[in-house]
Amino acid sequence: MAMNSTSSKIGSSDRLLLSALNLIAEKGYNGVTTLEIATAAGLSEKTLFRHFGSKQKLLEAAYDRYHYAEEMKKLFAEKLVWELETDLLLITKTYHEIMNRNRKMIQISLKEDGQLPGFRERTQKHPQQLLEFLTEYFTTMADQGKIIPDNPELHAFSFMMMQFGAFMNDLDSHTNYSSIKLEPFVLESVKVFTRALQP
């Protein structure tokens with residue numbers, strides 16, 4: 001009963017999106033029916049089809065709704081102080097916070113890659129936007145003389161890959177590099193990157 005009163009405060013669309021993420025992460029895309037998703041959300045299958053039309057469209061909507069492009073856009077627009085180490089630390093911590101919040105979605109996109117037509121392009125949208133935000137940031141910082149003016153897109157890509165690699169290691173329960181913990185890595189990677197880009 002408590003769950004019903006809580007879930008009734010969440011809109012039908014969000015209930016369906018969350019149920020889809022939970023079930024697909026657990027059983028795989030092909031292992032879950034639209035009826036199971038709707039039932040888990042406490043709704044009818046008809047409601048699912050009315051909102052989303054298909055299981056793939058539901059998963060795509062979940063990816064768009066819960067991934068990080070919008071949150072990062074807001075961060076880059078409103079929260080930067082134009083001091084490299086401070087900004088990179090904020091960007092990195094926010095990135096890992098969002099990625100960890102969306103662990104199930106990331107696992108689904110890795111597991112189901114290739115099975116869902118057009119889904120890979122959708123999953124690439126968020127990192128591509130982050131690359132653009134970071135490149136623009138590094139370009140502006142270089143124009144202001146605050147970092148070396150040398151290939152901002154490559155700097156942005158390198159920084160993103162460092163953080164994505166750390167997230168993937170963490171996602172895999174530290175099985176590859178169990179002695180490396182995420183928080184000290186974040187601090188050290190930002191420090192090293194800041195030193196490398198100082199003019």
# chains A, B, ... in the order shown; residues from 1 in each chain; ligands from 1
$ closest_atom_pairs --of "stretch 71-186 of chain A" --to "stretch 12-19 of chain A" --cutoff "12 Å" --atoms "only C-alpha atoms" --output "tab-separated table"
residue	atom	partner	partner_atom	distance
A:Asn102	CA	A:Leu18	CA	10.8
A:Lys104	CA	A:Leu18	CA	10.1
A:Met105	CA	A:Leu18	CA	10.0
$ write_last_selection --atoms "C-alpha atoms" --output "CSV table (one decimal), in the first residue's frame"
chain,number,residue,atom,x,y,z
A,102,ASN,CA,21.8,5.8,-14.4
A,104,LYS,CA,20.9,0.4,-15.0
A,105,MET,CA,20.4,2.4,-18.2
$ select_by_dssp --residues "stretch 86-160 of chain A" --states "helix (DSSP H, G or I)" --output "PyMOL selection string"
chain A and resi 86-101+103-112+119-143+152-160
$ atom_distance --atom1 "atom CA of A:Gly145" --atom2 "atom CA of A:Glu188"
23.5 Å
$ residues_around --residues "stretch 156-169 of chain A" --least-positions-apart "5" --cutoff "12 Å" --atoms "only C-alpha atoms" --output "PyMOL selection string"
chain A and resi 88-89+91-103+106-107+110+126-139+150-151+174-194+196-197
